[in-house]
Number of protein chains: 2
Amino acid sequence: MTLTQQELPELEERADHCATVERPHPRPDGQDRYTISEVADHTGLSVHTLRWYERIGLMPHIDRSHTGQRRYRNRDLDWLALVNKLRLTGMAVADMVRYADLVRQGDHTFPERRALLIATREDVLRRIAELRSTLSVLDFKIDIYTEYTEPAADTVLVSERADATA
Amino acid sequence: MTLTQQELPELEERADHCATVERPHPRPDGQDRYTISEVADHTGLSVHTLRWYERIGLMPHIDRSHTGQRRYRNRDLDWLALVNKLRLTGMAVADMVRYADLVRQGDHTFPERRALLIATREDVLRRIAELRSTLSVLDFKIDIYTEYTEPAADTVLVSERADATA
DNA sequence: CACTTGCCTGGAGTGCACTCCAGCTCCTTA
DNA sequence: TAAGGAGCTGGAGTGCACTCCAGGCAAGTG
């Protein structure tokens, strides 16, 4: 409990930071022709995964060099950043492919895209609520274990037992 | 952004609610001998999953009826509630089994259990931060689509284009 | 008594999201 | 020019977390 209160500012700060400070592109537009391994380094995804994303239709068309090697652009990095975020929220890859399809189909899919994002947003809110609830449980149990493993010298030991499920 | 601010109270409320209002046991201690399907209904886990959890060592010993059928107790429901929460945070089943092992080994594992919970807690905080960051991105994109799909009658249409990765 | 329902077991199967492999081309460096 | 390294493809393999199946037992119902 105590810890939850303590951490709130930390969370806010992080969220704001991530929202406003976009990681800049490694190279400016015009000189943005990244190899697959550069993109892997930048995004944290493996080269296997990058090729696989393309196969399943999760990526837009990727430019190729004259020898057929992939050359990613800054907009591809942006797309991958979004995919990465959605992935971390637990969104299924199939749903992301659905969204990619909508983008490919053109501007008339704006309402559908919007609906999909709003549904995702609701889902993210639910997950945050779940996590905060879990955090309370963890703090409760950690407090109990702390009492048992680090009893303060000037404190009378509580006779209460650590709860059965701890 | 606007929406994020708006939702904060909702999140807090939910977290507090889940933390403080424990769902009571369906039956009081002493009359708590639930069949596997009752437990499945209560926890939302399938009977398959419940049996599988037992097989892999994620459950403590479960009582059996004279005919060999499982009879779960209230403390088993409590344990499953914890497992369910940890599962929703993305904790690997193998890690939960590790924790269950520590519980089985007895009180001398208190420090190790505490360390494990603290590590999990850090992980949960990271996930919450990620989700909040994703939320910002979603709100940003939703705002853009809202402008394009529901332009207010008294508002001049902005000429800015929806960003490329939307 | 037959029938249905619920539970039991060990083991096989499923879906997802990667992850790796074999065999190839192309380019650079010694 | 030989060797090494990065990239290419289609397809096979992996690990996780379930999910289902076959075959059987026990209790309740008409």
# chains A, B, ... in the order shown; residues from 1 in each chain; ligands from 1
$ residues_around --residues "DT29 (chain C)" --least-positions-apart "2" --cutoff "12 Å" --atoms "only C-alpha atoms (C1' of nucleotides)" --output "list of chain:residue names"
C:DC27, D:DT1, D:DA2, D:DA3, D:DG4, D:DG5
$ interface_residues --of "chain C" --to "chain A" --cutoff "10 Å" --atoms "only C-alpha atoms (C1' of nucleotides)" --output "list in words"
DC16, DA17, DC18, DT19, DC20, DT25 and DC26 of chain C
$ write_last_selection --atoms "N, CA and C atoms (P, O5', C5', C4', C3', O3' and C1' of nucleotides)" --output "PDB file, in the first residue's frame"
ATOM      1  P    DC C  16      -4.179 -18.639 -33.862  1.00  0.00           P
ATOM      2  O5'  DC C  16      -3.009 -17.868 -33.114  1.00  0.00           O
ATOM      3  C5'  DC C  16      -3.004 -17.811 -31.687  1.00  0.00           C
ATOM      4  C4'  DC C  16      -1.613 -17.526 -31.213  1.00  0.00           C
ATOM      5  C3'  DC C  16      -0.835 -16.545 -32.089  1.00  0.00           C
ATOM      6  O3'  DC C  16      -0.499 -15.427 -31.282  1.00  0.00           O
ATOM      7  C1'  DC C  16       0.485 -18.432 -31.517  1.00  0.00           C
ATOM      8  P    DA C  17      -0.069 -14.026 -31.947  1.00  0.00           P
ATOM      9  O5'  DA C  17       1.518 -14.112 -31.844  1.00  0.00           O
ATOM     10  C5'  DA C  17       2.095 -14.282 -30.573  1.00  0.00           C
ATOM     11  C4'  DA C  17       3.559 -14.598 -30.740  1.00  0.00           C
ATOM     12  C3'  DA C  17       4.278 -13.734 -31.792  1.00  0.00           C
ATOM     13  O3'  DA C  17       5.543 -13.337 -31.289  1.00  0.00           O
ATOM     14  C1'  DA C  17       4.643 -15.996 -32.222  1.00  0.00           C
ATOM     15  P    DC C  18       6.318 -12.061 -31.907  1.00  0.00           P
ATOM     16  O5'  DC C  18       6.962 -12.603 -33.284  1.00  0.00           O
ATOM     17  C5'  DC C  18       8.322 -13.036 -33.338  1.00  0.00           C
ATOM     18  C4'  DC C  18       8.522 -14.335 -32.594  1.00  0.00           C
ATOM     19  C3'  DC C  18       9.940 -14.846 -32.652  1.00  0.00           C
ATOM     20  O3'  DC C  18      10.356 -15.235 -31.352  1.00  0.00           O
ATOM     21  C1'  DC C  18       8.453 -16.536 -33.364  1.00  0.00           C
ATOM     22  P    DT C  19      11.914 -15.166 -30.956  1.00  0.00           P
ATOM     23  O5'  DT C  19      12.578 -16.307 -31.861  1.00  0.00           O
ATOM     24  C5'  DT C  19      12.608 -17.651 -31.397  1.00  0.00           C
ATOM     25  C4'  DT C  19      13.250 -18.540 -32.420  1.00  0.00           C
ATOM     26  C3'  DT C  19      14.562 -18.024 -33.036  1.00  0.00           C
ATOM     27  O3'  DT C  19      15.579 -18.913 -32.610  1.00  0.00           O
ATOM     28  C1'  DT C  19      13.145 -19.018 -34.662  1.00  0.00           C
ATOM     29  P    DC C  20      17.108 -18.760 -33.030  1.00  0.00           P
ATOM     30  O5'  DC C  20      17.217 -19.926 -34.119  1.00  0.00           O
ATOM     31  C5'  DC C  20      16.549 -21.171 -33.871  1.00  0.00           C
ATOM     32  C4'  DC C  20      16.582 -22.021 -35.124  1.00  0.00           C
ATOM     33  C3'  DC C  20      17.904 -21.959 -35.902  1.00  0.00           C
ATOM     34  O3'  DC C  20      18.390 -23.287 -36.005  1.00  0.00           O
ATOM     35  C1'  DC C  20      16.046 -21.673 -37.348  1.00  0.00           C
ATOM     36  P    DT C  25      23.598 -19.048 -56.769  1.00  0.00           P
ATOM     37  O5'  DT C  25      23.345 -17.558 -56.250  1.00  0.00           O
ATOM     38  C5'  DT C  25      22.076 -16.926 -56.462  1.00  0.00           C
ATOM     39  C4'  DT C  25      22.154 -15.504 -55.917  1.00  0.00           C
ATOM     40  C3'  DT C  25      23.248 -14.656 -56.569  1.00  0.00           C
ATOM     41  O3'  DT C  25      22.690 -13.395 -56.915  1.00  0.00           O
ATOM     42  C1'  DT C  25      23.513 -14.668 -54.205  1.00  0.00           C
ATOM     43  P    DC C  26      23.477 -12.459 -57.916  1.00  0.00           P
ATOM     44  O5'  DC C  26      24.191 -11.424 -56.930  1.00  0.00           O
ATOM     45  C5'  DC C  26      23.403 -10.662 -56.026  1.00  0.00           C
ATOM     46  C4'  DC C  26      24.310 -10.025 -54.991  1.00  0.00           C
ATOM     47  C3'  DC C  26      25.513  -9.270 -55.575  1.00  0.00           C
ATOM     48  O3'  DC C  26      25.365  -7.903 -55.221  1.00  0.00           O
ATOM     49  C1'  DC C  26      26.121 -10.607 -53.698  1.00  0.00           C
TER      50       DC C  26
END
$ select_by_dssp --residues "region 20-157 of chain B" --states "alpha helix (DSSP H)" --output "VMD selection string"
chain B and resid 20 36 to 43 47 to 55 74 to 88 93 to 105 110 to 149
$ atom_distance --atom1 "CA of Pro26 (chain A)" --atom2 "CA of Lys85 (chain A)"
19.0 Å
$ interface_residues --of "chain D" --to "chain A" --cutoff "10 Å" --atoms "only C-alpha atoms (C1' of nucleotides)" --output "ChimeraX atom specification"
/D:6-8
$ write_last_selection --atoms "C-alpha atoms (C1' of nucleotides)" --output "compact mmCIF listing (two decimals), in the first residue's frame"
# COMPACT_ATOMS: atom_id res chain seq x y z
C1' DA D 6 25.43 -10.15 -44.78
C1' DG D 7 21.31 -10.94 -47.01
C1' DC D 8 17.74 -13.83 -49.69
$ closest_residue --among "B:Arg71, B:Arg64, B:His108, B:Lys141" --to "Arg33 (chain B)" --atoms "only C-alpha atoms"
B:Arg71
$ interface_residues --of "chain B" --to "chain A" --cutoff "7 Å" --atoms "only C-alpha atoms" --output "PyMOL selection string"
chain B and resi 11+14-15+18-19+75+78-79+85+89+110-111+114+117-118+121+124+128-129+131-138+142+145+149+165
$ select_by_dssp --residues "region 35-92 of chain A" --states "strand (DSSP E or B)" --output "list of chain:residue names"
A:Asp63, A:Arg64, A:Arg70, A:Arg71, A:Tyr72
$ write_last_selection --atoms "C-alpha atoms" --output "PDB file, in the first residue's frame"
ATOM      1  CA  ASP A  63      11.959  -0.994 -50.760  1.00  0.00           C
ATOM      2  CA  ARG A  64      14.688  -3.250 -52.121  1.00  0.00           C
ATOM      3  CA  ARG A  70      15.539  -4.823 -47.995  1.00  0.00           C
ATOM      4  CA  ARG A  71      16.066  -1.103 -47.433  1.00  0.00           C
ATOM      5  CA  TYR A  72      13.861   0.238 -44.652  1.00  0.00           C
TER       6      TYR A  72
END
$ atom_distance --atom1 "CA of Leu58 (chain A)" --atom2 "CA of Asp29 (chain A)"
22.5 Å
$ residues_around --residues "Arg27 (chain B)" --least-positions-apart "6" --cutoff "10 Å" --atoms "only C-alpha atoms (C1' of nucleotides)" --output "list in words"
Arg33, Tyr34, Arg73 and Asn74 of chain B
